[in-house]
Structure formats: structure tokens, C-alpha cells
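**Q** I'm passing along work_27.pdb; it holds PDB, C-alpha atoms.
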MODEL        1
ATOM      1  CA  MET A   1     125.426  97.450  99.358
ATOM      2  CA  SER A   2     125.507  99.796  96.379
ATOM      3  CA  GLU A   3     127.787 102.840  96.649
ATOM      4  CA  GLU A   4     125.672 104.882  94.219
ATOM      5  CA  ARG A   5     122.684 106.512  95.837
ATOM      6  CA  GLY A   6     119.818 106.317  93.406
ATOM      7  CA  VAL A   7     116.019 106.070  93.391
ATOM      8  CA  LEU A   8     114.271 102.929  94.651
ATOM      9  CA  VAL A   9     110.623 102.084  93.979
ATOM     10  CA  LEU A  10     108.992  99.507  96.274
ATOM     11  CA  GLY A  11     106.208  97.912  94.264
ATOM     12  CA  GLU A  12     103.395  95.668  95.471
ATOM     13  CA  VAL A  13     102.450  92.194  94.272
ATOM     14  CA  PHE A  14      99.268  90.464  95.381
ATOM     15  CA  VAL A  15      98.839  86.797  94.459
ATOM     16  CA  GLY A  16     101.038  87.202  91.407
ATOM     17  CA  MET A  17      99.594  90.509  90.179
ATOM     18  CA  LEU A  18     101.408  93.840  90.190
ATOM     19  CA  SER A  19      99.096  96.423  91.726
ATOM     20  CA  PRO A  20      97.968  99.256  89.418
ATOM     21  CA  HIS A  21      99.620 101.787  91.726
ATOM     22  CA  THR A  22     102.973 100.023  91.265
ATOM     23  CA  HIS A  23     102.872 101.130  87.628
ATOM     24  CA  GLU A  24     102.326 104.717  88.768
ATOM     25  CA  MET A  25     105.266 104.559  91.172
ATOM     26  CA  PHE A  26     107.426 103.081  88.405
ATOM     27  CA  THR A  27     106.714 106.214  86.349
ATOM     28  CA  ALA A  28     107.483 108.526  89.271
ATOM     29  CA  GLY A  29     110.714 106.744  90.171
ATOM     30  CA  ARG A  30     112.003 106.395  86.623
ATOM     31  CA  ASP A  31     111.388 110.082  85.840
ATOM     32  CA  LEU A  32     112.916 111.301  89.108
ATOM     33  CA  ALA A  33     116.032 109.151  88.634
ATOM     34  CA  ALA A  34     116.461 110.531  85.111
ATOM     35  CA  GLU A  35     116.099 114.112  86.353
ATOM     36  CA  LEU A  36     118.622 113.518  89.138
ATOM     37  CA  GLY A  37     120.964 111.553  86.873
ATOM     38  CA  VAL A  38     121.201 108.661  89.345
ATOM     39  CA  PRO A  39     120.583 104.878  89.119
ATOM     40  CA  PHE A  40     117.019 103.546  89.246
ATOM     41  CA  THR A  41     116.053 100.348  91.065
ATOM     42  CA  PHE A  42     112.649  98.723  90.758
ATOM     43  CA  ALA A  43     111.750  96.286  93.534
ATOM     44  CA  TYR A  44     108.545  94.361  93.924
ATOM     45  CA  LEU A  45     107.487  92.723  97.155
ATOM     46  CA  GLY A  46     104.645  90.316  97.760
ATOM     47  CA  SER A  47     103.324  86.839  97.108
ATOM     48  CA  GLU A  48     103.756  84.615  94.029
ATOM     49  CA  ILE A  49     106.571  86.777  92.682
ATOM     50  CA  GLU A  50     107.284  84.485  89.714
ATOM     51  CA  GLU A  51     103.809  85.145  88.329
ATOM     52  CA  ALA A  52     104.384  88.894  88.604
ATOM     53  CA  ARG A  53     107.723  88.553  86.815
ATOM     54  CA  ASN A  54     105.775  87.575  83.713
ATOM     55  CA  GLN A  55     104.190  91.048  83.782
ATOM     56  CA  VAL A  56     107.570  92.779  83.588
ATOM     57  CA  GLY A  57     108.989  93.060  80.082
ATOM     58  CA  GLU A  58     112.460  93.772  78.755
ATOM     59  CA  LEU A  59     113.809  96.613  80.868
ATOM     60  CA  ASP A  60     116.642  99.009  80.197
ATOM     61  CA  PRO A  61     119.795  97.142  81.345
ATOM     62  CA  ALA A  62     120.591 100.146  83.554
ATOM     63  CA  ILE A  63     117.508  99.438  85.685
ATOM     64  CA  GLN A  64     118.220  97.120  88.582
ATOM     65  CA  ILE A  65     115.491  94.626  89.526
ATOM     66  CA  VAL A  66     115.066  93.346  93.087
ATOM     67  CA  THR A  67     112.364  90.957  94.328
ATOM     68  CA  ARG A  68     111.301  89.687  97.737
ATOM     69  CA  GLU A  69     108.888  86.794  98.128
ATOM     70  CA  LEU A  70     106.581  87.063 101.161
ATOM     71  CA  GLU A  71     105.019  83.874 102.446
ATOM     72  CA  GLU A  72     102.021  85.129 104.400
ATOM     73  CA  GLU A  73      99.259  83.109 105.998
ATOM     74  CA  GLU A  74      97.139  86.276 106.125
ATOM     75  CA  PRO A  75      96.435  88.778 103.323
ATOM     76  CA  TYR A  76      98.772  91.335 104.886
ATOM     77  CA  VAL A  77     101.392  90.920 107.613
ATOM     78  CA  TRP A  78     103.060  94.240 108.279
ATOM     79  CA  GLN A  79     106.174  92.709 109.850
ATOM     80  CA  ALA A  80     106.877  90.672 106.707
ATOM     81  CA  TRP A  81     106.525  93.709 104.436
ATOM     82  CA  LEU A  82     108.606  95.864 106.776
ATOM     83  CA  ASP A  83     111.439  93.338 106.972
ATOM     84  CA  ALA A  84     111.460  92.804 103.204
ATOM     85  CA  ALA A  85     111.474  96.544 102.461
ATOM     86  CA  ASP A  86     114.202  97.119 105.053
ATOM     87  CA  ALA A  87     116.393  94.442 103.456
ATOM     88  CA  VAL A  88     115.964  95.941  99.978
ATOM     89  CA  VAL A  89     116.766  99.481 101.159
ATOM     90  CA  ARG A  90     119.913  98.343 102.964
ATOM     91  CA  GLU A  91     120.984  96.324  99.938
ATOM     92  CA  THR A  92     120.492  99.097  97.372
ATOM     93  CA  ASN A  93     121.380 102.120  99.542
ATOM     94  CA  PRO A  94     119.042 104.577  97.746
ATOM     95  CA  ARG A  95     118.875 108.323  98.083
ATOM     96  CA  VAL A  96     115.087 108.307  97.570
ATOM     97  CA  VAL A  97     112.638 105.507  98.363
ATOM     98  CA  ILE A  98     109.212 105.723  96.677
ATOM     99  CA  LEU A  99     106.261 103.588  97.703
ATOM    100  CA  PRO A 100     102.540 103.738  96.927
ATOM    101  CA  GLY A 101     100.321 105.636  99.351
ATOM    102  CA  THR A 102      98.033 102.609  99.565
ATOM    103  CA  THR A 103      96.693 101.063 102.741
ATOM    104  CA  ILE A 104      99.743  98.798 102.872
ATOM    105  CA  GLY A 105     102.240 101.532 102.044
ATOM    106  CA  ALA A 106     100.635 103.824 104.609
ATOM    107  CA  ASP A 107     101.026 101.088 107.213
ATOM    108  CA  TYR A 108     104.586  99.821 106.771
ATOM    109  CA  GLY A 109     106.091 103.015 105.256
ATOM    110  CA  PRO A 110     106.269 105.029 108.503
ATOM    111  CA  ARG A 111     107.567 101.952 110.324
ATOM    112  CA  LEU A 112     110.322 101.658 107.711
ATOM    113  CA  ALA A 113     111.213 105.341 108.067
ATOM    114  CA  THR A 114     111.399 104.978 111.851
ATOM    115  CA  ARG A 115     113.577 101.879 111.663
ATOM    116  CA  LEU A 116     116.010 103.479 109.194
ATOM    117  CA  GLY A 117     115.920 106.940 110.754
ATOM    118  CA  TYR A 118     114.920 108.542 107.431
ATOM    119  CA  PRO A 119     112.531 111.492 107.046
ATOM    120  CA  MET A 120     109.284 110.587 105.275
ATOM    121  CA  THR A 121     106.764 112.630 103.326
ATOM    122  CA  THR A 122     103.263 111.268 102.722
ATOM    123  CA  TYR A 123     100.401 112.107 100.322
ATOM    124  CA  VAL A 124     102.882 113.405  97.741
ATOM    125  CA  THR A 125     101.288 114.645  94.507
ATOM    126  CA  SER A 126     104.412 115.474  92.473
ATOM    127  CA  LEU A 127     108.199 115.136  92.545
ATOM    128  CA  GLY A 128     110.869 117.442  91.131
ATOM    129  CA  VAL A 129     114.470 118.582  91.475
ATOM    130  CA  GLU A 130     115.799 121.989  92.526
ATOM    131  CA  ASP A 131     119.507 122.778  92.982
ATOM    132  CA  GLY A 132     120.252 119.074  93.245
ATOM    133  CA  GLY A 133     117.684 118.506  95.998
ATOM    134  CA  VAL A 134     114.445 116.551  95.678
ATOM    135  CA  VAL A 135     111.317 118.706  95.918
ATOM    136  CA  VAL A 136     108.083 117.026  96.987
ATOM    137  CA  THR A 137     104.685 118.669  96.675
ATOM    138  CA  ARG A 138     101.708 117.586  98.738
ATOM    139  CA  ASN A 139      98.152 118.725  99.353
ATOM    140  CA  ILE A 140      97.201 120.388 102.636
ATOM    141  CA  LEU A 141      93.977 121.726 104.127
ATOM    142  CA  GLY A 142      91.952 118.969 102.533
ATOM    143  CA  GLY A 143      93.328 119.687  99.073
ATOM    144  CA  ARG A 144      92.552 123.403  99.159
ATOM    145  CA  ALA A 145      96.241 124.322  99.095
ATOM    146  CA  GLN A 146      99.637 122.793  98.332
ATOM    147  CA  THR A 147     103.017 122.943  99.998
ATOM    148  CA  SER A 148     106.463 122.049  98.649
ATOM    149  CA  ILE A 149     109.384 120.701 100.651
ATOM    150  CA  ARG A 150     112.999 120.460  99.456
ATOM    151  CA  CYS A 151     115.282 117.736 100.770
ATOM    152  CA  GLU A 152     119.045 118.331 100.671
ATOM    153  CA  PRO A 153     121.012 116.025  98.325
ATOM    154  CA  GLU A 154     122.883 114.302 101.142
ATOM    155  CA  THR A 155     119.706 113.430 103.068
ATOM    156  CA  PRO A 156     117.937 110.127 102.267
ATOM    157  CA  LEU A 157     114.173 110.411 101.916
ATOM    158  CA  ILE A 158     111.136 108.116 101.881
ATOM    159  CA  VAL A 159     108.197 109.289  99.789
ATOM    160  CA  SER A 160     104.661 107.915  99.843
ATOM    161  CA  CYS A 161     102.871 109.023  96.672
ATOM    162  CA  GLU A 162      99.146 109.650  96.427
ATOM    163  CA  PRO A 163      97.551 106.986  94.192
ATOM    164  CA  GLY A 164      95.923 108.112  90.981
ATOM    165  CA  LEU A 165      98.066 111.208  90.369
ATOM    166  CA  PHE A 166     100.903 109.730  88.298
ATOM    167  CA  ASP A 167     100.515 108.248  84.821
ATOM    168  CA  PRO A 168     100.873 104.449  85.085
ATOM    169  CA  SER A 169     103.673 103.085  82.887
ATOM    170  CA  PRO A 170     103.815  99.557  81.527
ATOM    171  CA  ILE A 171     106.928  98.102  83.130
ATOM    172  CA  GLY A 172     109.253  96.971  80.384
ATOM    173  CA  ASN A 173     108.856  96.374  76.666
ATOM    174  CA  ILE A 174     105.263  97.272  75.793
ATOM    175  CA  ASP A 175     105.773  96.190  72.174
ATOM    176  CA  ALA A 176     105.544  92.524  73.123
ATOM    177  CA  VAL A 177     102.095  91.121  72.394
ATOM    178  CA  THR A 178     102.019  89.075  75.579
ATOM    179  CA  LEU A 179     102.696  92.187  77.644
ATOM    180  CA  GLN A 180      99.997  94.153  75.870
ATOM    181  CA  ASP A 181      97.556  91.461  76.912
ATOM    182  CA  VAL A 182      98.723  91.575  80.533
ATOM    183  CA  PHE A 183      98.792  95.333  80.871
ATOM    184  CA  ALA A 184      95.364  95.762  79.331
ATOM    185  CA  GLU A 185      94.044  94.415  82.629
ATOM    186  CA  LEU A 186      95.901  97.076  84.593
ATOM    187  CA  ALA A 187      95.092 100.098  82.447
ATOM    188  CA  PRO A 188      93.234 102.993  84.150
ATOM    189  CA  GLU A 189      89.958 102.264  82.447
ATOM    190  CA  THR A 190      89.880  98.740  83.895
ATOM    191  CA  SER A 191      91.549  99.311  87.255
ATOM    192  CA  GLY A 192      91.737 102.622  89.105
ATOM    193  CA  ASP A 193      88.895 104.060  87.004
ATOM    194  CA  ALA A 194      86.826 100.892  86.740
ATOM    195  CA  PRO A 195      83.239 101.688  85.752
ATOM    196  CA  VAL A 196      80.643 101.402  88.505
ATOM    197  CA  LYS A 197      76.901 101.834  88.196
ATOM    198  CA  ALA A 198      75.711 105.310  89.153
ATOM    199  CA  GLY A 199      74.153 105.717  92.586
ATOM    200  CA  PRO A 200      74.235 107.905  95.680
ATOM    201  CA  LYS A 201      77.492 109.708  96.392
ATOM    202  CA  LEU A 202      79.613 107.705  98.824
ATOM    203  CA  THR A 203      80.380 110.559 101.203
ATOM    204  CA  ASP A 204      76.718 111.652 101.431
ATOM    205  CA  ALA A 205      74.877 108.318 101.449
ATOM    206  CA  ASP A 206      72.840 107.034 104.406
ATOM    207  CA  ARG A 207      73.426 103.461 103.230
ATOM    208  CA  VAL A 208      76.665 102.014 101.863
ATOM    209  CA  VAL A 209      77.480  98.572 100.478
ATOM    210  CA  SER A 210      81.240  97.963 100.387
ATOM    211  CA  GLY A 211      82.974  95.084  98.637
ATOM    212  CA  GLY A 212      86.320  93.584  99.522
ATOM    213  CA  ARG A 213      88.788  90.986  98.316
ATOM    214  CA  GLY A 214      86.060  88.354  98.717
ATOM    215  CA  MET A 215      84.305  89.641  95.569
ATOM    216  CA  LYS A 216      87.016  87.794  93.618
ATOM    217  CA  ASN A 217      85.773  88.555  90.099
ATOM    218  CA  GLU A 218      83.287  90.403  87.885
ATOM    219  CA  GLU A 219      80.439  88.288  89.209
ATOM    220  CA  GLY A 220      81.202  89.445  92.744
ATOM    221  CA  ILE A 221      81.335  93.076  91.643
ATOM    222  CA  ARG A 222      77.991  92.679  89.882
ATOM    223  CA  LEU A 223      76.419  91.294  93.072
ATOM    224  CA  ILE A 224      77.691  94.273  95.088
ATOM    225  CA  GLU A 225      76.234  96.652  92.505
ATOM    226  CA  GLU A 226      72.867  94.877  92.511
ATOM    227  CA  LEU A 227      72.685  94.837  96.311
ATOM    228  CA  ALA A 228      73.524  98.553  96.446
ATOM    229  CA  GLU A 229      70.859  99.272  93.835
ATOM    230  CA  ALA A 230      68.246  97.269  95.768
ATOM    231  CA  LEU A 231      69.043  99.270  98.912
ATOM    232  CA  ASP A 232      69.421 102.614  97.107
ATOM    233  CA  ALA A 233      72.891 102.622  98.639
ATOM    234  CA  ALA A 234      76.276 103.960  97.573
ATOM    235  CA  ILE A 235      79.072 101.569  96.658
ATOM    236  CA  GLY A 236      82.269 101.496  98.686
ATOM    237  CA  SER A 237      85.431  99.434  98.575
ATOM    238  CA  SER A 238      88.184  98.074 100.746
ATOM    239  CA  GLY A 239      91.792  98.902  99.972
ATOM    240  CA  ALA A 240      92.456  95.307  98.905
ATOM    241  CA  ALA A 241      89.700  95.450  96.267
ATOM    242  CA  VAL A 242      91.110  98.725  94.928
ATOM    243  CA  LEU A 243      94.640  97.321  94.785
ATOM    244  CA  GLN A 244      93.403  94.351  92.772
ATOM    245  CA  GLY A 245      91.633  96.659  90.319
ATOM    246  CA  MET A 246      88.105  95.500  91.159
ATOM    247  CA  LEU A 247      86.808  98.931  92.204
ATOM    248  CA  PRO A 248      88.167 102.475  91.661
ATOM    249  CA  HIS A 249      90.194 104.358  94.258
ATOM    250  CA  ASP A 250      87.574 107.080  94.736
ATOM    251  CA  LEU A 251      85.325 104.443  96.357
ATOM    252  CA  GLN A 252      87.959 103.337  98.870
ATOM    253  CA  VAL A 253      86.864 103.580 102.502
ATOM    254  CA  GLY A 254      89.615 103.817 105.094
ATOM    255  CA  SER A 255      92.762 105.623 106.148
ATOM    256  CA  SER A 256      93.940 105.930 102.516
ATOM    257  CA  GLY A 257      90.442 106.675 101.221
ATOM    258  CA  VAL A 258      87.409 108.448 102.651
ATOM    259  CA  VAL A 259      85.920 108.493 106.150
ATOM    260  CA  ILE A 260      82.137 108.020 106.192
ATOM    261  CA  ARG A 261      79.402 107.778 108.833
ATOM    262  CA  PRO A 262      76.324 106.267 107.162
ATOM    263  CA  LYS A 263      73.302 104.965 109.030
ATOM    264  CA  LEU A 264      73.877 101.503 107.520
ATOM    265  CA  TYR A 265      77.178 100.021 106.379
ATOM    266  CA  LEU A 266      77.323  96.583 104.748
ATOM    267  CA  ALA A 267      80.822  95.099 104.608
ATOM    268  CA  VAL A 268      80.728  92.283 102.071
ATOM    269  CA  GLY A 269      83.782  90.057 101.724
ATOM    270  CA  ILE A 270      85.872  92.476 103.791
ATOM    271  CA  SER A 271      88.161  91.086 106.490
ATOM    272  CA  GLY A 272      88.232  94.291 108.533
ATOM    273  CA  THR A 273      91.818  95.567 108.708
ATOM    274  CA  PRO A 274      92.409  98.666 110.872
ATOM    275  CA  GLN A 275      93.151 100.662 107.707
ATOM    276  CA  HIS A 276      89.635  99.963 106.440
ATOM    277  CA  THR A 277      87.654 100.157 109.670
ATOM    278  CA  TRP A 278      89.137 103.585 110.416
ATOM    279  CA  GLY A 279      86.956 104.911 107.610
ATOM    280  CA  MET A 280      83.618 103.387 108.689
ATOM    281  CA  LYS A 281      83.821 102.636 112.423
ATOM    282  CA  ASP A 282      81.374 105.421 113.288
ATOM    283  CA  SER A 283      78.558 104.025 111.131
ATOM    284  CA  GLN A 284      75.283 103.738 113.046
ATOM    285  CA  TYR A 285      74.768 100.099 112.101
ATOM    286  CA  ILE A 286      77.403  97.755 110.664
ATOM    287  CA  VAL A 287      76.477  94.498 108.945
ATOM    288  CA  ALA A 288      79.248  92.088 107.929
ATOM    289  CA  ILE A 289      79.126  89.186 105.487
ATOM    290  CA  ASN A 290      82.211  86.991 105.461
ATOM    291  CA  LYS A 291      82.862  83.276 105.145
ATOM    292  CA  ASP A 292      85.645  83.456 107.753
ATOM    293  CA  PRO A 293      84.050  83.321 111.229
ATOM    294  CA  ASN A 294      87.247  84.781 112.710
ATOM    295  CA  ALA A 295      87.370  87.824 110.424
ATOM    296  CA  PRO A 296      88.125  90.966 112.498
ATOM    297  CA  ILE A 297      85.137  92.775 110.966
ATOM    298  CA  PHE A 298      82.781  90.675 113.109
ATOM    299  CA  GLN A 299      84.268  92.209 116.262
ATOM    300  CA  MET A 300      82.728  95.580 115.433
ATOM    301  CA  ALA A 301      79.660  94.474 113.474
ATOM    302  CA  ASP A 302      76.173  94.929 114.935
ATOM    303  CA  PHE A 303      74.985  92.032 112.778
ATOM    304  CA  GLY A 304      77.152  89.336 111.235
ATOM    305  CA  ILE A 305      76.475  86.648 108.653
ATOM    306  CA  VAL A 306      79.027  83.863 108.297
ATOM    307  CA  GLY A 307      78.875  82.435 104.806
ATOM    308  CA  ASP A 308      79.841  82.758 101.159
ATOM    309  CA  LEU A 309      78.757  86.094  99.709
ATOM    310  CA  PHE A 310      77.950  84.333  96.433
ATOM    311  CA  ASP A 311      75.210  82.464  98.294
ATOM    312  CA  ILE A 312      74.055  85.157 100.717
ATOM    313  CA  VAL A 313      73.990  88.296  98.551
ATOM    314  CA  PRO A 314      71.692  86.838  95.846
ATOM    315  CA  ALA A 315      69.263  85.763  98.602
ATOM    316  CA  LEU A 316      69.309  89.272 100.088
ATOM    317  CA  ILE A 317      68.713  90.842  96.690
ATOM    318  CA  ALA A 318      65.773  88.525  96.014
ATOM    319  CA  GLU A 319      64.263  89.337  99.424
ATOM    320  CA  LEU A 320      64.696  93.083  98.958
ATOM    321  CA  LYS A 321      63.125  93.012  95.503
ATOM    322  CA  GLY A 322      60.439  90.743  96.960
TER     323      GLY A 322
ENDMDL
END
Starting from the file, lay out its structure as C-alpha cells.

**A**
Amino acid sequence: MSEERGVLVLGEVFVGMLSPHTHEMFTAGRDLAAELGVPFTFAYLGSEIEEARNQVGELDPAIQIVTRELEEEEPYVWQAWLDAADAVVRETNPRVVILPGTTIGADYGPRLATRLGYPMTTYVTSLGVEDGGVVVTRNILGGRAQTSIRCEPETPLIVSCEPGLFDPSPIGNIDAVTLQDVFAELAPETSGDAPVKAGPKLTDADRVVSGGRGMKNEEGIRLIEELAEALDAAIGSSGAAVLQGMLPHDLQVGSSGVVIRPKLYLAVGISGTPQHTWGMKDSQYIVAINKDPNAPIFQMADFGIVGDLFDIVPALIAELKG
């Protein structure tokens, strides 16, 4: 265990890809550590860690790197993430732990704080230092006001930062050509601010078509857009699709996104985690399309279609355009 109490960032890796929000947390952690004058540790947790390592360039030798490989049979197992994060915190002994306020961070973060007995602040919009103590600022009253909280220097703290409010930093040497190629995929214009065809506003729409991890690629995104257009529906997203940069954060439905109550909600390629269903469970009618017959989303769906979205969605679009 390290004797120096520094700043630790817990990043996220999904199938070998660093999430866009991990780059934001890297910025927040690096800047806070510099302001405090303490060591900075960057840890990334998830699956296929070796692939993600290729996205990290030459770092300042003063930055400690920690990794934890998670072998999960499901897309997200909270116990695995909690145990990995707990091990890293105990190993590095940080003063401040920073993690993304994503669906996953919002799930295991409070569990980690409870296990360690640390105070935790969520939905943080900025970090600073005052008289040696860390000052966190967060929105209250639905964003109509802000409040700041100062944590004494001797008190460890876990911070969950609001996605999209910190400038994402390439992690490592951005002068390397190979890294420029990798990070181009994670830049704001192609991840958190990915372009989506104009349509009804998500929070006001009577009909919503949401895409999840099952979209897989640009072709899947295009099908979601075409289906939404055929239905005159708004486009929504699961947290997993946002984390993988397929759709922007402002379309995320769930506990870390928006809560909506449309008349019709189509969940396409979405497994149905509690974090997502919290944001759409009160829809009048829920239709689910998923190739996994055991996907949790079917438990709450009024109508379910078991099959590959790449086969079903084109047929639905053709029928609607008739």
C-alpha cells in the first residue's frame, strides 16, 4: 500500500476500448493532483485490458498505472467491478478517488464508498482546492443552482463526476501517429457529441426508439435512425451505447440520463439493466427487440420480438413505409 495519499482515477474499459468518459476523468484527476501537489494514479478496469493498453501512450513517469482485468459472462457484473475497484483503492491508498458518473459508476461507486467507509459526492461538475481541502461543486434543483462542498485534507473522498463537463484528454503521448488514429475515434465529435438525425425532442416525444449495445456499428445506428424517422419518434440510447460512443450522452435514458414516459417505447438491442429501465419503466407501451430470449427487458415489455435487430428492424421500416 502506498504511503502517499494522492488522486486515483478509476477508468472504464469495454471490450478493449477506453470509454470516452475515462478521458474526461483522466483530465479531472491529473489537474486535481497537480493542484494538490500529490501523486496521480490512473487505473482502468474492464475486459480485454491488453487491447485498451494500446490506447494509452507514453505517460509521465510520475503517473502510476494500475489495471484490473474483469472476466464477465454478462456485460456488467457489479460485484466484479466493486471487488476490482476495492482492490485498487486499498493498494494505492488515495486521498481522492474519481470515477465517471456513468451507469456503471453510479451503480458500483456508492457500494465502494459504503464498503470503504468513505464519503461520496455524486453529479460533480467541477473540482478545486481551497486551504488544502478538495472543493467539489455540483448542480442542485435540477441544474437551477449549484452548491460547493469542501472536504478536509485528512478525509478520503470518492467523487463521481458528471459526464460531458470535463475536457477529454488523450491519455499519454498524443504526438504518436498510432495514438492520433486511436483517439480520433474517441473525440467529442465522434463519441459524446455524435451526430444524430434531427427529430422530436426526447423528453417531449410520444414515441421513442432507443438503441443499445446490440447496434454494434454505424449500420445499426443508421437502422435506429430510420426506424425513428418512420415512426416520427425521438431517438434514445442505453448507457452502454453511450459509453461505446455510438450515441451522445444527451440521448441516454436511465438513472444517469433522462426519465421519460412516452406512449410508445421501442427498446432495440437493449438488455434492460435496472439503470436503463429506471428511465422508461412508466412508458404506456414497451416493445423490445433482442436476440437474447432471456434478456431482462422482456420481463417488462408489453410486446417482445426475439431476433436479430439487423433482420427485424429493416422489415419494420419497410412495413411502416409500406

**Q** My list of candidates is A:Ile260, A:Leu243, A:Val136, A:Lys216. Which is closest to Val13 (chain A) when distances are computed with only C-alpha atoms?

**A** A:Leu243

**Q** For region 167-169 of chain A, please output as a PyMOL selection string all residues within 6 Å (counting all atoms listed in the file; exclusion window: fewer than 3 positions along the same chain).

**A** chain A and resi 23-24+27

**Q** What gap, in Å, lies between CA of Lys321 (chain A) and CA of Leu231 (chain A)?

**A**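 It comes out at 9.3 Å.
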
**Q** How would you write, as JSON, numbers by chain, the residues chosen by the PyMOL selection byres ((chain A and resi 312) around 12) on this structure?

**A** {"A": [220, 223, 224, 227, 268, 269, 288, 289, 290, 291, 304, 305, 306, 307, 308, 309, 310, 311, 313, 314, 315, 316, 317, 318, 319]}

**Q** For Gly6 (chain A), work out the shell of residues within 9 Å, counting all atoms listed in the file and skipping chain neighbours fewer than 4 positions away, then give it as a PDB file with C-alpha atoms, in the frame of the given file.

**A**
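Full text of selection_35.pdb as output:
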ATOM      1  CA  ALA A  33     116.032 109.151  88.634  1.00  0.00           C
ATOM      2  CA  LEU A  36     118.622 113.518  89.138  1.00  0.00           C
ATOM      3  CA  GLY A  37     120.964 111.553  86.873  1.00  0.00           C
ATOM      4  CA  VAL A  38     121.201 108.661  89.345  1.00  0.00           C
ATOM      5  CA  PRO A  39     120.583 104.878  89.119  1.00  0.00           C
ATOM      6  CA  PHE A  40     117.019 103.546  89.246  1.00  0.00           C
ATOM      7  CA  THR A  41     116.053 100.348  91.065  1.00  0.00           C
ATOM      8  CA  THR A  92     120.492  99.097  97.372  1.00  0.00           C
ATOM      9  CA  ASN A  93     121.380 102.120  99.542  1.00  0.00           C
ATOM     10  CA  PRO A  94     119.042 104.577  97.746  1.00  0.00           C
ATOM     11  CA  ARG A  95     118.875 108.323  98.083  1.00  0.00           C
ATOM     12  CA  VAL A  96     115.087 108.307  97.570  1.00  0.00           C
ATOM     13  CA  VAL A  97     112.638 105.507  98.363  1.00  0.00           C
TER      14      VAL A  97
END

**Q** Counting all atoms listed in the file, figure out which residue out of A:Val77, A:Ala87, A:Val159, A:Ala228 gets nearest to Leu202 (chain A).

**A** A:Ala228

**Q** Report as a VMD selection string the full result of the PyMOL selection byres ((chain A and resi 153) around 9) when it is applied to this structure.

**A** chain A and resid 95 131 to 134 151 to 152 154 to 156

**Q** Please tell me which residues are no farther than 10 Å from (100.7, 105.8, 106.9) in the file, counting only C-alpha atoms, and write them as a list in words.

**A**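 Taken together, the residues in range are Gly101, Thr102, Thr103, Ile104, Gly105, Ala106, Asp107, Tyr108, Gly109, Pro110, Arg111, Met120, Thr121, Thr122, Tyr123, Ser160, Ser255, Ser256 and Gln275 of chain A.
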